[in-house]
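Have a look at start.txt; it's compact mmCIF, C-alpha atoms:
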# COMPACT_ATOMS: atom_id res chain seq x y z
CA MET A 240 98.73 114.60 78.54
CA PHE A 241 96.09 116.03 76.21
CA SER A 242 92.65 114.81 75.20
CA SER A 243 92.29 112.50 72.21
CA ARG A 244 89.31 114.64 71.19
CA LEU A 245 91.84 117.04 69.70
CA PRO A 246 94.04 116.26 66.68
CA ALA A 247 97.32 114.65 67.62
CA ARG A 248 99.19 117.06 65.37
CA LEU A 249 98.29 120.74 65.05
CA SER A 250 100.97 121.79 62.56
CA PRO A 251 99.67 123.43 59.36
CA SER A 252 99.57 121.47 56.14
CA VAL A 253 101.99 122.08 53.31
CA LEU A 254 99.22 123.81 51.37
CA SER A 255 98.23 126.14 54.21
CA GLN A 256 101.89 127.04 54.79
CA ALA A 257 102.31 127.88 51.11
CA VAL A 258 99.19 130.05 51.14
CA SER A 259 100.38 131.83 54.31
CA HIS A 260 103.74 132.56 52.68
CA ALA A 261 101.98 133.88 49.56
CA ARG A 262 99.82 136.18 51.68
CA ALA A 263 102.80 137.44 53.63
CA ALA A 264 104.67 138.15 50.38
CA GLY A 265 101.72 140.07 48.94
CA ARG A 266 101.17 137.60 46.10
CA VAL A 267 97.44 137.12 46.85
CA ARG A 268 95.79 139.88 44.82
CA PHE A 269 92.38 138.27 44.30
CA ASP A 270 91.16 136.48 47.39
CA LEU A 271 88.16 134.39 46.37
CA THR A 272 88.01 132.62 49.73
CA GLU A 273 86.80 135.63 51.73
CA THR A 274 83.46 135.00 53.45
CA ASN A 275 83.58 137.68 56.15
CA PRO A 276 80.81 140.19 55.25
CA THR A 277 82.38 142.94 57.38
CA VAL A 278 85.56 143.22 55.27
CA VAL A 279 84.35 143.08 51.65
CA GLY A 280 83.41 146.72 51.10
CA LEU A 281 79.72 146.53 51.91
CA THR A 282 78.10 149.46 53.67
CA GLY A 283 77.55 148.41 57.26
CA PRO A 284 74.14 148.58 58.92
CA THR A 285 73.26 151.78 60.74
CA GLY A 286 72.24 152.03 64.36
CA VAL A 287 74.26 149.02 65.55
CA VAL A 288 76.59 150.94 67.87
CA GLU A 289 73.71 152.92 69.34
CA ALA A 290 71.74 149.74 69.97
CA LEU A 291 74.60 148.34 72.04
CA VAL A 292 74.69 151.37 74.35
CA ASP A 293 71.99 150.55 76.88
CA ARG A 294 72.45 151.15 80.59
CA ALA A 295 70.22 148.17 81.27
CA ALA A 296 73.24 146.06 80.28
CA LEU A 297 74.84 147.01 83.59
CA THR A 298 72.34 144.74 85.34
CA TYR A 299 72.88 141.02 84.98
CA GLU A 300 69.70 138.97 84.81
CA PRO A 301 70.70 135.56 83.47
CA ALA A 302 68.23 133.65 81.31
CA ALA A 303 69.39 130.21 80.22
CA LEU A 304 67.60 130.01 76.86
CA GLY A 305 67.81 133.76 76.25
CA THR A 306 65.95 136.78 77.57
CA GLU A 307 62.25 136.95 76.83
CA ALA A 308 62.58 140.16 74.83
CA ALA A 309 65.42 138.83 72.67
CA ARG A 310 63.61 135.56 72.02
CA ARG A 311 60.44 137.44 71.05
CA ALA A 312 62.41 139.57 68.60
CA VAL A 313 64.06 136.57 66.96
CA ALA A 314 60.79 134.61 66.94
CA ALA A 315 58.99 137.48 65.19
CA SER A 316 61.68 137.58 62.49
CA ARG A 317 61.29 133.83 61.87
CA ALA A 318 57.52 133.60 62.49
CA VAL A 319 57.93 130.98 65.23
CA ASP A 320 56.89 130.54 68.85
CA PRO A 321 59.40 132.24 71.21
CA ALA A 322 58.70 129.55 73.81
CA ARG A 323 60.32 127.03 71.43
CA LEU A 324 63.48 129.02 70.88
CA MET A 325 67.00 128.77 72.32
CA LEU A 326 69.60 131.51 71.94
CA THR A 327 73.32 130.73 71.84
CA ALA A 328 76.45 132.69 71.03
CA SER A 329 76.89 130.79 67.76
CA THR A 330 75.57 127.84 65.80
CA SER A 331 78.78 126.00 66.71
CA GLU A 332 77.78 126.31 70.36
CA ALA A 333 74.25 125.20 69.50
CA TYR A 334 75.66 122.05 67.89
CA SER A 335 77.61 121.36 71.08
CA PHE A 336 74.49 121.79 73.20
CA LEU A 337 72.52 119.47 70.93
CA PHE A 338 75.22 116.81 70.98
CA LYS A 339 75.19 116.98 74.77
CA LEU A 340 71.40 116.71 74.73
CA LEU A 341 71.13 113.79 72.32
CA CYS A 342 74.32 111.74 72.49
CA ASP A 343 76.36 109.67 74.88
CA PRO A 344 80.10 109.41 74.19
CA GLY A 345 80.62 107.22 71.14
CA ASP A 346 77.18 107.78 69.68
CA GLU A 347 76.93 108.79 66.02
CA VAL A 348 75.36 111.59 64.03
CA LEU A 349 74.94 111.45 60.26
CA VAL A 350 76.80 114.30 58.56
CA PRO A 351 76.54 115.37 54.90
CA HIS A 352 79.54 115.13 52.55
CA PRO A 353 80.42 117.51 50.98
CA SER A 354 79.94 120.10 53.70
CA TYR A 355 81.80 122.46 55.98
CA PRO A 356 84.82 120.75 57.63
CA LEU A 357 84.04 122.16 61.08
CA PHE A 358 81.72 119.22 61.76
CA ASP A 359 84.62 116.82 62.31
CA LEU A 360 86.00 118.94 65.14
CA LEU A 361 82.62 119.84 66.62
CA THR A 362 81.65 116.21 66.95
CA ALA A 363 85.06 115.15 68.27
CA LEU A 364 85.01 117.80 70.99
CA ASP A 365 81.79 116.30 72.35
CA GLY A 366 82.91 112.69 72.03
CA VAL A 367 80.49 112.04 69.16
CA ARG A 368 81.36 110.18 65.96
CA PRO A 369 80.42 111.70 62.59
CA SER A 370 79.10 109.15 60.13
CA PRO A 371 79.11 110.61 56.61
CA TYR A 372 76.33 110.34 54.07
CA ARG A 373 76.74 111.52 50.50
CA LEU A 374 75.21 114.34 48.54
CA ASP A 375 74.86 113.32 44.89
CA ALA A 376 76.74 115.73 42.63
CA ALA A 377 75.05 114.37 39.51
CA GLY A 378 71.65 115.08 41.07
CA GLY A 379 72.47 118.66 42.06
CA TRP A 380 73.96 117.61 45.41
CA CYS A 381 70.64 116.20 46.60
CA LEU A 382 70.42 113.61 49.38
CA ASP A 383 71.85 110.23 48.41
CA ARG A 384 69.17 108.12 50.07
CA ALA A 385 71.05 104.84 49.66
CA SER A 386 74.02 106.43 51.40
CA LEU A 387 71.85 107.41 54.35
CA ASP A 388 70.46 103.90 54.58
CA GLN A 389 74.00 102.52 54.66
CA ALA A 390 75.28 105.06 57.21
CA VAL A 391 72.61 104.58 59.90
CA SER A 392 73.36 102.21 62.77
CA ALA A 393 72.12 101.33 66.24
CA SER A 394 74.38 104.10 67.60
CA THR A 395 72.95 106.83 65.37
CA ARG A 396 71.08 109.57 67.18
CA ALA A 397 70.55 112.37 64.66
CA VAL A 398 70.78 113.43 61.02
CA LEU A 399 72.44 116.76 60.22
CA VAL A 400 71.09 118.65 57.22
CA VAL A 401 72.65 121.87 55.89
CA SER A 402 70.35 123.86 53.60
CA PRO A 403 71.65 125.81 51.76
CA ASN A 404 74.73 123.64 52.00
CA ASN A 405 78.17 125.18 52.39
CA PRO A 406 79.87 125.03 49.91
CA THR A 407 77.66 123.35 47.30
CA GLY A 408 74.71 125.74 47.71
CA SER A 409 72.32 122.80 47.43
CA MET A 410 68.99 123.02 49.23
CA LEU A 411 66.61 120.49 50.69
CA HIS A 412 63.99 119.45 48.12
CA ARG A 413 60.44 118.88 49.27
CA ASP A 414 60.39 115.22 48.26
CA ASP A 415 63.68 114.67 50.11
CA ARG A 416 62.19 116.30 53.19
CA GLU A 417 59.32 113.84 53.17
CA TRP A 418 61.68 110.93 52.70
CA LEU A 419 63.98 112.23 55.46
CA VAL A 420 61.12 112.61 57.96
CA ALA A 421 59.98 109.05 57.24
CA PHE A 422 63.59 107.85 57.58
CA ALA A 423 63.94 109.58 60.96
CA ARG A 424 60.68 108.11 62.22
CA VAL A 425 61.59 104.58 61.20
CA HIS A 426 64.99 104.76 62.92
CA GLY A 427 63.96 106.90 65.90
CA LEU A 428 66.27 109.76 64.92
CA VAL A 429 66.29 113.51 65.51
CA LEU A 430 66.72 116.03 62.68
CA ILE A 431 69.15 118.94 63.00
CA SER A 432 68.82 121.47 60.18
CA ASP A 433 71.47 124.16 59.74
CA GLU A 434 69.73 126.91 57.76
CA VAL A 435 72.07 129.84 58.43
CA PHE A 436 72.16 130.72 54.71
CA ALA A 437 68.40 130.36 54.19
CA ASP A 438 67.95 134.09 53.57
CA TYR A 439 70.07 133.89 50.40
CA PRO A 440 68.30 131.88 47.67
CA LEU A 441 70.11 132.14 44.35
CA SER A 442 68.71 129.91 41.64
CA PRO A 443 65.32 128.56 40.69
CA GLY A 444 65.12 124.81 40.64
CA PRO A 445 63.17 121.88 42.07
CA GLU A 446 60.81 122.89 44.84
CA VAL A 447 62.86 123.46 47.98
CA THR A 448 61.76 123.67 51.56
CA SER A 449 62.82 124.16 55.17
CA LEU A 450 62.62 121.92 58.20
CA LEU A 451 61.51 124.88 60.30
CA GLY A 452 58.37 123.92 62.20
CA GLU A 453 58.50 120.22 61.32
CA GLU A 454 56.02 118.57 63.70
CA ARG A 455 56.31 114.84 62.97
CA VAL A 456 59.78 114.25 64.47
CA LEU A 457 61.88 116.16 66.99
CA THR A 458 63.64 118.81 64.90
CA PHE A 459 66.14 121.56 65.63
CA THR A 460 66.47 124.37 63.05
CA MET A 461 69.37 126.83 63.30
CA GLY A 462 70.03 130.39 62.19
CA GLY A 463 71.96 133.42 63.39
CA LEU A 464 72.98 137.05 62.97
CA SER A 465 76.30 136.00 61.43
CA LYS A 466 74.71 135.20 58.06
CA SER A 467 71.14 136.48 58.33
CA ALA A 468 72.22 140.02 59.24
CA GLY A 469 75.86 139.94 58.14
CA LEU A 470 76.96 140.51 61.74
CA PRO A 471 79.28 137.65 62.75
CA GLN A 472 80.87 139.78 65.46
CA MET A 473 77.60 140.15 67.37
CA LYS A 474 77.63 136.47 68.42
CA LEU A 475 73.95 135.65 68.50
CA ALA A 476 72.40 132.51 67.04
CA TRP A 477 69.10 130.74 67.52
CA THR A 478 67.71 127.24 67.44
CA VAL A 479 64.01 126.56 66.93
CA VAL A 480 62.71 123.35 68.50
CA SER A 481 59.75 121.63 66.84
CA GLY A 482 58.09 118.24 66.77
CA PRO A 483 55.64 116.33 68.97
CA ASP A 484 54.71 118.50 71.95
CA GLU A 485 55.90 116.07 74.62
CA LEU A 486 59.33 115.65 73.01
CA VAL A 487 59.69 119.40 72.49
CA ALA A 488 58.90 120.07 76.14
CA SER A 489 61.38 117.44 77.32
CA ALA A 490 64.09 118.76 74.99
CA LEU A 491 63.64 122.37 76.08
CA GLU A 492 63.71 121.38 79.74
CA ARG A 493 67.07 119.68 79.25
CA LEU A 494 68.45 122.41 77.00
CA ASP A 495 67.59 124.91 79.72
CA MET A 496 69.86 122.99 82.10
CA ILE A 497 72.69 122.75 79.55
CA ALA A 498 72.48 126.43 78.57
CA ASP A 499 72.25 127.51 82.20
CA THR A 500 75.61 125.84 82.80
CA TYR A 501 77.30 128.14 80.26
CA LEU A 502 75.17 131.34 80.01
CA SER A 503 77.27 132.47 77.06
CA VAL A 504 75.04 134.99 75.26
CA SER A 505 75.95 138.51 76.38
CA THR A 506 73.39 140.88 77.87
CA PRO A 507 74.23 143.84 75.54
CA VAL A 508 73.63 141.74 72.42
CA GLN A 509 70.34 140.40 73.73
CA LEU A 510 69.15 143.91 74.61
CA ALA A 511 70.13 145.07 71.14
CA ALA A 512 68.61 142.06 69.35
CA PRO A 513 65.47 143.84 68.04
CA ALA A 514 67.55 146.69 66.60
CA LEU A 515 70.22 144.35 65.23
CA LEU A 516 67.64 142.24 63.43
CA GLU A 517 66.09 145.35 61.89
CA ALA A 518 69.45 146.85 60.95
CA GLY A 519 70.45 143.56 59.41
CA LEU A 520 67.72 143.77 56.78
CA GLY A 521 69.73 146.38 54.86
CA ILE A 522 73.02 144.53 54.94
CA ARG A 523 71.21 141.30 54.05
CA ALA A 524 69.84 142.98 50.92
CA ALA A 525 73.32 144.28 50.06
CA ILE A 526 74.87 140.83 50.53
CA HIS A 527 72.15 139.22 48.43
CA ALA A 528 72.72 141.73 45.63
CA ARG A 529 76.48 141.17 45.81
CA VAL A 530 76.37 137.39 45.62
CA ARG A 531 73.79 137.47 42.82
CA LYS A 532 75.95 139.87 40.79
CA ASN A 533 79.08 137.79 41.30
CA LEU A 534 77.23 134.60 40.46
CA GLU A 535 76.08 136.09 37.16
CA THR A 536 79.67 137.16 36.44
CA LEU A 537 80.80 133.60 37.09
CA ARG A 538 78.08 132.19 34.84
CA GLU A 539 79.21 134.46 32.00
CA THR A 540 82.83 133.48 32.56
CA VAL A 541 82.03 129.77 32.53
CA ARG A 542 79.98 130.15 29.35
CA ARG A 543 83.10 131.51 27.66
CA ALA A 544 85.37 128.84 29.15
CA PRO A 545 84.25 125.30 28.24
CA ALA A 546 87.03 123.87 30.43
CA LEU A 547 85.10 125.01 33.52
CA THR A 548 81.88 123.54 34.87
CA LEU A 549 79.75 125.45 37.37
CA HIS A 550 77.67 123.45 39.84
CA GLU A 551 74.70 125.79 39.95
CA PRO A 552 73.98 126.74 43.59
CA GLY A 553 70.50 126.99 45.04
CA GLY A 554 71.55 129.42 47.74
CA GLY A 555 74.29 130.66 50.06
CA TRP A 556 77.58 132.49 49.50
CA SER A 557 79.80 129.86 47.87
CA VAL A 558 80.02 127.90 44.63
CA VAL A 559 81.78 124.80 43.40
CA VAL A 560 83.54 124.88 40.02
CA ARG A 561 84.95 121.82 38.29
CA VAL A 562 88.32 122.34 36.59
CA PRO A 563 90.35 120.12 34.25
CA ALA A 564 92.08 117.17 35.91
CA ILE A 565 95.44 118.17 34.44
CA LEU A 566 96.44 119.14 37.99
CA SER A 567 95.37 117.94 41.40
CA GLU A 568 93.28 120.30 43.50
CA GLU A 569 96.25 121.21 45.66
CA GLN A 570 98.34 121.88 42.54
CA TRP A 571 95.56 124.05 41.12
CA VAL A 572 95.42 126.16 44.29
CA LEU A 573 99.18 126.63 44.34
CA HIS A 574 99.36 127.37 40.60
CA LEU A 575 96.59 129.97 40.79
CA VAL A 576 98.25 131.71 43.73
CA GLU A 577 101.77 131.70 42.34
CA ALA A 578 101.04 132.37 38.67
CA HIS A 579 97.87 134.47 38.85
CA GLY A 580 97.58 135.85 42.38
CA VAL A 581 94.20 134.15 42.85
CA LEU A 582 93.32 132.33 46.06
CA VAL A 583 90.62 129.64 46.11
CA HIS A 584 89.83 126.61 48.26
CA PRO A 585 90.44 123.05 47.04
CA GLY A 586 87.39 120.82 46.88
CA PHE A 587 88.89 118.26 49.25
CA PHE A 588 88.76 120.86 52.03
CA PHE A 589 85.00 120.24 52.01
CA ASP A 590 85.22 116.48 51.37
CA ILE A 591 84.39 116.75 47.68
CA ASP A 592 85.94 113.53 46.48
CA THR A 593 84.77 113.17 42.87
CA GLY A 594 86.55 115.02 40.10
CA VAL A 595 88.77 118.09 40.54
CA HIS A 596 86.96 121.06 42.03
CA LEU A 597 87.63 124.53 43.39
CA VAL A 598 85.42 126.31 45.90
CA ILE A 599 84.89 130.03 45.43
CA SER A 600 83.23 132.63 47.66
CA LEU A 601 80.63 134.90 46.05
CA LEU A 602 81.21 137.64 48.62
CA PRO A 603 84.37 139.51 47.42
CA PRO A 604 84.05 142.96 45.80
CA PRO A 605 82.81 142.61 42.18
CA ASP A 606 86.02 143.93 40.62
CA VAL A 607 88.14 141.50 42.64
CA PHE A 608 85.75 138.66 41.86
CA GLU A 609 85.61 139.34 38.11
CA SER A 610 89.37 139.60 37.82
CA GLY A 611 89.88 136.47 39.87
CA VAL A 612 87.46 134.22 37.99
CA SER A 613 88.73 135.57 34.66
CA ARG A 614 92.22 134.41 35.59
CA ILE A 615 90.88 131.01 36.63
CA ALA A 616 89.24 130.69 33.21
CA ASP A 617 92.47 131.68 31.46
CA ALA A 618 94.43 129.13 33.49
CA ALA A 619 91.94 126.37 32.76
CA SER A 620 91.65 127.14 29.06
CA GLY A 621 95.26 127.73 28.08
CA PRO A 622 98.71 126.24 28.62
CA LEU A 623 99.87 126.34 32.24
CA SER A 624 102.68 128.79 32.79
Write the structure described by the file as C-alpha cells, please.
Amino acid sequence: MFSSRLPARLSPSVLSQAVSHARAAGRVRFDLTETNPTVVGLTGPTGVVEALVDRAALTYEPAALGTEAARRAVAASRAVDPARLMLTASTSEAYSFLFKLLCDPGDEVLVPHPSYPLFDLLTALDGVRPSPYRLDAAGGWCLDRASLDQAVSASTRAVLVVSPNNPTGSMLHRDDREWLVAFARVHGLVLISDEVFADYPLSPGPEVTSLLGEERVLTFTMGGLSKSAGLPQMKLAWTVVSGPDELVASALERLDMIADTYLSVSTPVQLAAPALLEAGLGIRAAIHARVRKNLETLRETVRRAPALTLHEPGGGWSVVVRVPAILSEEQWVLHLVEAHGVLVHPGFFFDIDTGVHLVISLLPPPDVFESGVSRIADAASGPLS
C-alpha cells in the first residue's frame, strides 16, 4: 500500500528505545547530543519578534525563488549575486529541489561517509540512489580520491560535499577542491556543497576553502538561518548557483518552475530576513564562543585521558572521539547513560565504520559539557562499573 521510498519498518531500534526510557526516567543528566541552539541557555537575538510583525505580510505576493528584498539581504550577507540565489524553507528542501532538477529516478549522487544520516532518506524520497565515497580518517577526514573514482558511474549526476562536515568537522582543502572540480569536469557532474556550518571555523590546519562562486562547473552552495543565525525555527535557507553562465541560467529557469510548484517560504520570514540576518550576528558570536570553549575543555580532558583520542575538527558544532574497543559503540552509549547519566551518539549513526567512536555536540552549556566529558574520560580510563 505504501511507497518503497520509505523504510519498510518504522519501529525504533533497541538503542533508541533504551535512550527514550532513560530520558523518561530522568537518568540523562548530561545530554551531549543536543544541537538545538534555542535550548542550550544562549541569550536569544533581539528584535526577532518585532521583525516578524509587519502588516505587509497580510498581502500575498508569491515569488518562486524568493522575494527580491529577501534575496538581496541574503546575497549581501554572503557577498553573492542575488540573481543567482534560491530561497527555500530548509536545506533539506533545497536538496529535494536539486535532486528533482538533476536526477531521473534511479540516478545516483555521490554522498560522503561519514556524514549526517539524513541523506539516505532525502535521496530515497526523490527516487535517487546515494553512492557513498569515503572520507579518510587518517588524513583528517579529507576526500578519499580513490573512493570517489570507484563510486562514480554512468548513472552519477552530482557529488555532495559537506564542509564543515557533520559530525567530523572536516573542511574542504584547497587542493581537494581543485581535484574535485577536475573530477566533476571529466565525468560531467554537478557539485552540491552543504556549507551550513561555514560560519564556525574551529581549528587552524591545511588551507581550507569554499565552493561558493565556483565558475568552472555547475555548483550549488547551501546555507541557512538555522546554523548561520542560530534560528532553526525561522525556516529560511538559501542556495547559491554558480558555474558557466549558460548552465546557471538554465538551472535557475528550471528551479523557478520547481520552486513555484511548492512556494514554501513564508512571507513573514522573507519580510523579516534583513532583520533576522542582522540579529543573527550576535547569536552566531555567542554560539562560536560556546563551541570554542567546550572544544578547549574537551582537549584538556583528552590530554589527561590517554584512552581517548580526539579527531580535531576544522569547524562546526560536533566532534568525534575515539574510545577503547572494550565495548561496542552501542554498548558504550548504553553504559554511559546507565552508569554515568551521559548521552552521546554512536559513531555508526553517522556511518563511521572504523574503530569505536562517539559523537559529541559542542553546543551544551559549559557546565553540562565539562561534567559529561569528564565522566566519559573516567569511564574510558578506569574499570567499567
Which one of A:Val607, A:Tyr355, A:Leu491, A:Trp418 sits closest to Ala385 (chain A) if you count all atoms listed in the file? A:Trp418
Distance criterion (all atoms listed in the file): nearest to Arg538 (chain A) out of A:Glu289, A:Asp617, A:Asp484, A:Glu551: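 Looking only at the distances to Arg538 (chain A), the closest residue turns out to be A:Glu551.
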Which polymer residues have any atom within 6 Å of an atom of region 428-434 of chain A, counting all atoms listed in the file, with same-chain residues fewer than 5 positions away left out, as number ranges by chain? A: 396-402, 423, 457-462
Counting all atoms listed in the file, which of A:Leu475, A:Val598, A:Ala263, A:Leu304 gets nearest to Val583 (chain A)? A:Val598
Residue nearest Pro440 (chain A) - candidates A:Ala528, A:Ala261, A:Arg244, A:Ala512, atoms counted: all atoms listed in the file: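 Under the stated criterion, the closest residue is A:Ala528.
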Which residues come within 8 Å of Arg455 (chain A), counting only C-alpha atoms, excluding same-chain residues fewer than 3 positions away, as a PyMOL selection string? chain A and resi 420+482-483
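Nearest residue to Ala333 (chain A) among A:Gln570, A:Ser354, A:Thr362, A:Gln256 is A:Thr362, counting only C-alpha atoms.
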Cut-off 12 Å: closest region 429-497 of chain A/region 273-281 of chain A atom pairs per residue, using only C-alpha atoms, as JSON lines:
{"residue": "A:Leu464", "atom": "CA", "partner": "A:Pro276", "partner_atom": "CA", "distance": 11.4}
{"residue": "A:Ser465", "atom": "CA", "partner": "A:Pro276", "partner_atom": "CA", "distance": 8.7}
{"residue": "A:Lys466", "atom": "CA", "partner": "A:Pro276", "partner_atom": "CA", "distance": 8.4}
{"residue": "A:Ser467", "atom": "CA", "partner": "A:Pro276", "partner_atom": "CA", "distance": 10.8}
{"residue": "A:Ala468", "atom": "CA", "partner": "A:Pro276", "partner_atom": "CA", "distance": 9.5}
{"residue": "A:Gly469", "atom": "CA", "partner": "A:Pro276", "partner_atom": "CA", "distance": 5.7}
{"residue": "A:Leu470", "atom": "CA", "partner": "A:Thr277", "partner_atom": "CA", "distance": 7.4}
{"residue": "A:Pro471", "atom": "CA", "partner": "A:Asn275", "partner_atom": "CA", "distance": 7.9}
{"residue": "A:Gln472", "atom": "CA", "partner": "A:Thr277", "partner_atom": "CA", "distance": 8.8}
{"residue": "A:Met473", "atom": "CA", "partner": "A:Thr277", "partner_atom": "CA", "distance": 11.4}
Find the spatial neighbours of Ala314 (chain A), counting only C-alpha atoms, within a cut-off of 9 Å - ignore same-chain residues fewer than 5 positions away - and output them as an NGL selection string. :A and (309 or 319-324 or 479)
Can you pull out the residues contacting region 409-416 of chain A? Cut-off 10 Å, using all atoms listed in the file, and skip same-chain residues under 4 positions away; I want them as a VMD selection string. chain A and resid 374 376 379 to 384 400 to 405 420 to 422 432 434 436 to 437 440 442 444 to 450 453 550 to 555 558
Quick one: residues within 10 Å of Ser386 (chain A), only C-alpha atoms counted, chain neighbours fewer than 3 positions away excluded, as a PDB file with C-alpha atoms, in the frame of the given file?
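So the final result, stored in out.pdb, reads:
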ATOM      1  CA  PRO A 351      76.540 115.370  54.900  1.00  0.00           C
ATOM      2  CA  PRO A 371      79.110 110.610  56.610  1.00  0.00           C
ATOM      3  CA  TYR A 372      76.330 110.340  54.070  1.00  0.00           C
ATOM      4  CA  ARG A 373      76.740 111.520  50.500  1.00  0.00           C
ATOM      5  CA  LEU A 374      75.210 114.340  48.540  1.00  0.00           C
ATOM      6  CA  ASP A 375      74.860 113.320  44.890  1.00  0.00           C
ATOM      7  CA  LEU A 382      70.420 113.610  49.380  1.00  0.00           C
ATOM      8  CA  ASP A 383      71.850 110.230  48.410  1.00  0.00           C
ATOM      9  CA  GLN A 389      74.000 102.520  54.660  1.00  0.00           C
ATOM     10  CA  ALA A 390      75.280 105.060  57.210  1.00  0.00           C
ATOM     11  CA  VAL A 391      72.610 104.580  59.900  1.00  0.00           C
TER      12      VAL A 391
END
Hey, which of A:Leu623, A:Ala318, A:Gly283, A:Leu254 ends up closest to Ala578 (chain A)? Count all atoms listed in the file. A:Leu623
Figure out the distance between CA of Thr478 (chain A) and CA of Ala490 (chain A), please, to one decimal in Å.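 So the two atoms, CA of Ala490 (chain A) and CA of Thr478 (chain A), lie 11.9 Å apart.
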In Å and to one decimal, CA of Ser600 (chain A) is distant from CA of Trp556 (chain A) by 5.9 Å
List as a ChimeraX atom specification the residues having at least one atom at most 8 Å from position (81.0, 110.8, 71.9) as given in the file, counting only C-alpha atoms. /A:342-347,362-363,365-368
